[in-house]
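**Student:** Right, I'll just put the structure down here and ask away after.
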Amino acid sequence: MARIAFVGSSAVTASVALLAVMPFFPMTGCASRKAILPSPPQVNYSGVETHVLIPPDLNVEPQETVVSSQNLDLLATSSGFDAGQVIFSLPDAIAFALQNNPRIRSVRSAAERAQGQEQVAFAPFLPEVDILGQYGTTSATLAPGIPGPTGFLLANGFGTRSYAETEVALQWIIYDFGRTGGRYRQAVARERIAELQVTRACQTVEFDATSAYLDVLLARASRHVQEDAVRRTKAILEDTVSRREGGVALREDVLRAEVQYSESREAFVLAREAEFNALARLNNAMGRNASLPIEVVDMDTEPPLPGTLSDLLEVAAANRPEIGLAQKTVAAAQEGWQASRGEFLPKIFARGSVGRTDAENVVTGWQEGAGLHLETPLYSGGRHQGALRSAEAEIRQAVADAQSILNAISLQVKLAYHGVVAARERIELAQSAVTQSDENLRLIRVRYHNGNATPTDIVDSEAAVTRSQQRFLSADYTYLAALARLDYAMGQRQVTLLQYVTDKNEVPESRSDELPLPSPLLPMP
């Protein structure tokens, strides 16, 4: 800390001092009007272009968004893009999100700020060293200068006094009854809290990326089902029109086939919209421009049930960072109370200084001084009492929040576990429904070929097949999403329960191939 003082006692002296410092006034004004700092590249116009705009040659709608092992290499070489930037497996998408999602950078910056605050809280344990200086002129009726850390200048003789003093001062807190220690331990606890928040933020980003990835797979499979439905309903409509022209079908049958064809096309438009939206959300979860092209690799895995609920709760109790966060929050509140309580007690510190004075009518030469100081607060208008009450309330709030966190963890794990079990049961039911609807369609086609069924019966059977296939896909991907949610609820890394094969050279076939393919229409007799 540097200190420069100009003191005058008469009009003449004041005028001289004012004239002496007037040249510095423009410099002071310039120093207060700081130049505008340049914007970081992430938020200037080029950053806006990167995160919002896309090149014109990329402003096209993707036709295929899921690749398999057969066309993975071909797409990487013919698309014009780097495969590492366009094609992502689930682990690749998670890794990309952890590196590029701005939420991660935000919480990491908060953790770095907490580290800086911990350093600030530790500083009072160390001595404070300052350089002090004062230069001035006074009349004979005033003492020279202002008091320093360990004393003041002494007059020597009568008359105008001019002085120049420079000294080095040291101050060191010896004991303050827990003030500094409480604040430091509170800062350490808050630093640990920030680190745990970074861990949970990473888990959240992983979960968001996994959920968005599975949404893309589900939307793509649903679109394929609707494409098949459009093809089948179009064939039924054409066949029904032919039968109407041949006099073996009613106009009502044609209208019913047209309605079903229109509904299938509408469902296909909605499925395609859902797929494009899922791709945009996946890009966003990964920290990419939502309009950039992206390809995902399908998954062919049906992991088993993860275990018993009691085992999963034990894993969550060991892994969830919120538990440590709640403990550190209570500890930080307690240390804050300790620091507030110390404000009622004395503070003991040492001061020392050494310097030299050159002056006129002032005692000159080297100056040294040291002292042991004790400060005791007597009355501060209730400020310390209010701070103590606030710290006590903060402890109670931290304990209540910790209980809420523990209850929430138990609830999240239990809900996620029941979601996994229910989704697994839905898969079995939906698979049975797919088999039954296909068999029903086969029988209706036989009756239709024999003239014992109407086109309306065919339309209804085709609609039942489409619904059962959609149910199967929904249950299948819901099961994978439920496993991802259970990983998140237990504080594990994503794909722990999914058991996903990360080798791109062993990418499995598309999951939609597991669905029974629709049989072609039988020729009209």
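Numbering starts fresh at 1 for the residues of each chain in the structure tokens, the chains themselves are lettered A, B, ... in the order given, and ligands are numbered from 1 as they appear.
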List the neighbours of Ala393 in chain A out to 10 Å using only C-alpha atoms; skip same-chain residues closer than 6 positions along the sequence, and give me the result as a ChimeraX atom specification.

**Tutor:** /A:333,337,387,399

**Student:** Those residues you just picked out, can you put them in a file as a short mmCIF file (atom, residue, chain, number, x, y, z; two decimals), in the first residue's frame with N, CA and C atoms?

**Tutor:**
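Contents of the output file out15.cif:
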```
data_model
loop_
_atom_site.label_atom_id
_atom_site.label_comp_id
_atom_site.auth_asym_id
_atom_site.auth_seq_id
_atom_site.Cartn_x
_atom_site.Cartn_y
_atom_site.Cartn_z
N ALA A 333 -21.13 -23.52 6.62
CA ALA A 333 -22.00 -22.71 7.48
C ALA A 333 -21.49 -22.68 8.91
N TRP A 337 -20.20 -19.45 11.12
CA TRP A 337 -20.66 -19.11 12.48
C TRP A 337 -19.47 -18.88 13.40
N ALA A 387 -24.89 -10.55 12.29
CA ALA A 387 -24.11 -11.52 11.52
C ALA A 387 -24.13 -12.89 12.17
N VAL A 399 -28.51 -27.70 7.04
CA VAL A 399 -28.92 -29.02 7.53
C VAL A 399 -30.22 -29.45 6.86
#
```

**Student:** Set the distance at 8 Å and use only C-alpha atoms: which residues neighbour Arg179 in chain A once local chain neighbours fewer than 6 positions away are removed? I'd like the list as a count of residues only.

**Tutor:** 6

**Student:** Pick out the closest residue to Ala93 in chain A from this set: A:Leu309, A:Leu282, A:Ile174, A:Leu126. Count only C-alpha atoms.

**Tutor:** A:Leu282

**Student:** Have a look at A:Gly382, A:Gly148, A:Gly178, A:Gly287 and name the one nearest to Ala95 in chain A; count only C-alpha atoms.

**Tutor:**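 The closest residue to Ala95 in chain A is A:Gly287.
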
**Student:** CA of Arg192 in chain A and CA of Leu388 in chain A are how many Å apart?

**Tutor:**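 Between these atoms lies a distance of 23.7 Å.
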
**Student:** Skip Ser410 in chain A itself and residues of its chain fewer than 3 positions away, then list as JSON, numbers by chain all residues within 9 Å of it, counting only C-alpha atoms.

**Tutor:** {"A": [313, 316, 317, 405, 406, 407, 413, 414, 415, 489]}

**Student:** Take the residues that were just selected and, keeping C-alpha atoms, output them as an mmCIF file, in the first residue's frame.

**Tutor:**
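again-v2.cif written:
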```
data_model
loop_
_atom_site.group_PDB
_atom_site.id
_atom_site.type_symbol
_atom_site.label_atom_id
_atom_site.label_comp_id
_atom_site.auth_asym_id
_atom_site.auth_seq_id
_atom_site.Cartn_x
_atom_site.Cartn_y
_atom_site.Cartn_z
ATOM 1 C CA LEU A 313 -29.226 -47.212 -3.260
ATOM 2 C CA ALA A 316 -25.909 -43.922 -5.054
ATOM 3 C CA ALA A 317 -24.928 -43.261 -1.437
ATOM 4 C CA ILE A 405 -30.869 -33.750 -0.938
ATOM 5 C CA LEU A 406 -30.671 -37.165 0.710
ATOM 6 C CA ASN A 407 -34.416 -37.682 0.351
ATOM 7 C CA VAL A 413 -33.059 -43.859 -7.602
ATOM 8 C CA LYS A 414 -36.332 -45.539 -6.750
ATOM 9 C CA LEU A 415 -38.259 -43.840 -9.570
ATOM 10 C CA ALA A 489 -29.494 -41.111 -10.358
#
```

**Student:** Excluding Ala370 in chain A and any residue of its chain fewer than 4 positions from it, enumerate the residues within 8 Å of it, using only C-alpha atoms, and give them as a list of chain:residue names.

**Tutor:** A:Thr150, A:Ala350, A:Arg351, A:Gly352, A:Ser353

**Student:** Go ahead and dump the residues you just picked, C-alpha atoms, as a PDB file, in the first residue's frame.

**Tutor:**
```pdb
ATOM      1  CA  THR A 150       4.040   3.049  14.620  1.00  0.00           C
ATOM      2  CA  ALA A 350       1.855  -6.774  15.736  1.00  0.00           C
ATOM      3  CA  ARG A 351       2.957  -3.728  13.774  1.00  0.00           C
ATOM      4  CA  GLY A 352       6.415  -2.593  12.837  1.00  0.00           C
ATOM      5  CA  SER A 353       7.939  -0.075  10.458  1.00  0.00           C
TER       6      SER A 353
END
```

**Student:** For Ala430 in chain A, work out the shell of residues within 7 Å, counting only C-alpha atoms and skipping chain neighbours fewer than 5 positions away, then give it as a VMD selection string.

**Tutor:** chain A and resid 468 471 to 472

**Student:** For Ala155 in chain A, which of A:Val362, A:Val296, A:Ala402, A:Val354 is the closest residue, counting only C-alpha atoms?

**Tutor:** A:Val362

**Student:** Separation of CA of Gly355 in chain A and CA of Ala164 in chain A, in Å?

**Tutor:**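 About the pair CA of Gly355 in chain A and CA of Ala164 in chain A: they are 10.6 Å apart.
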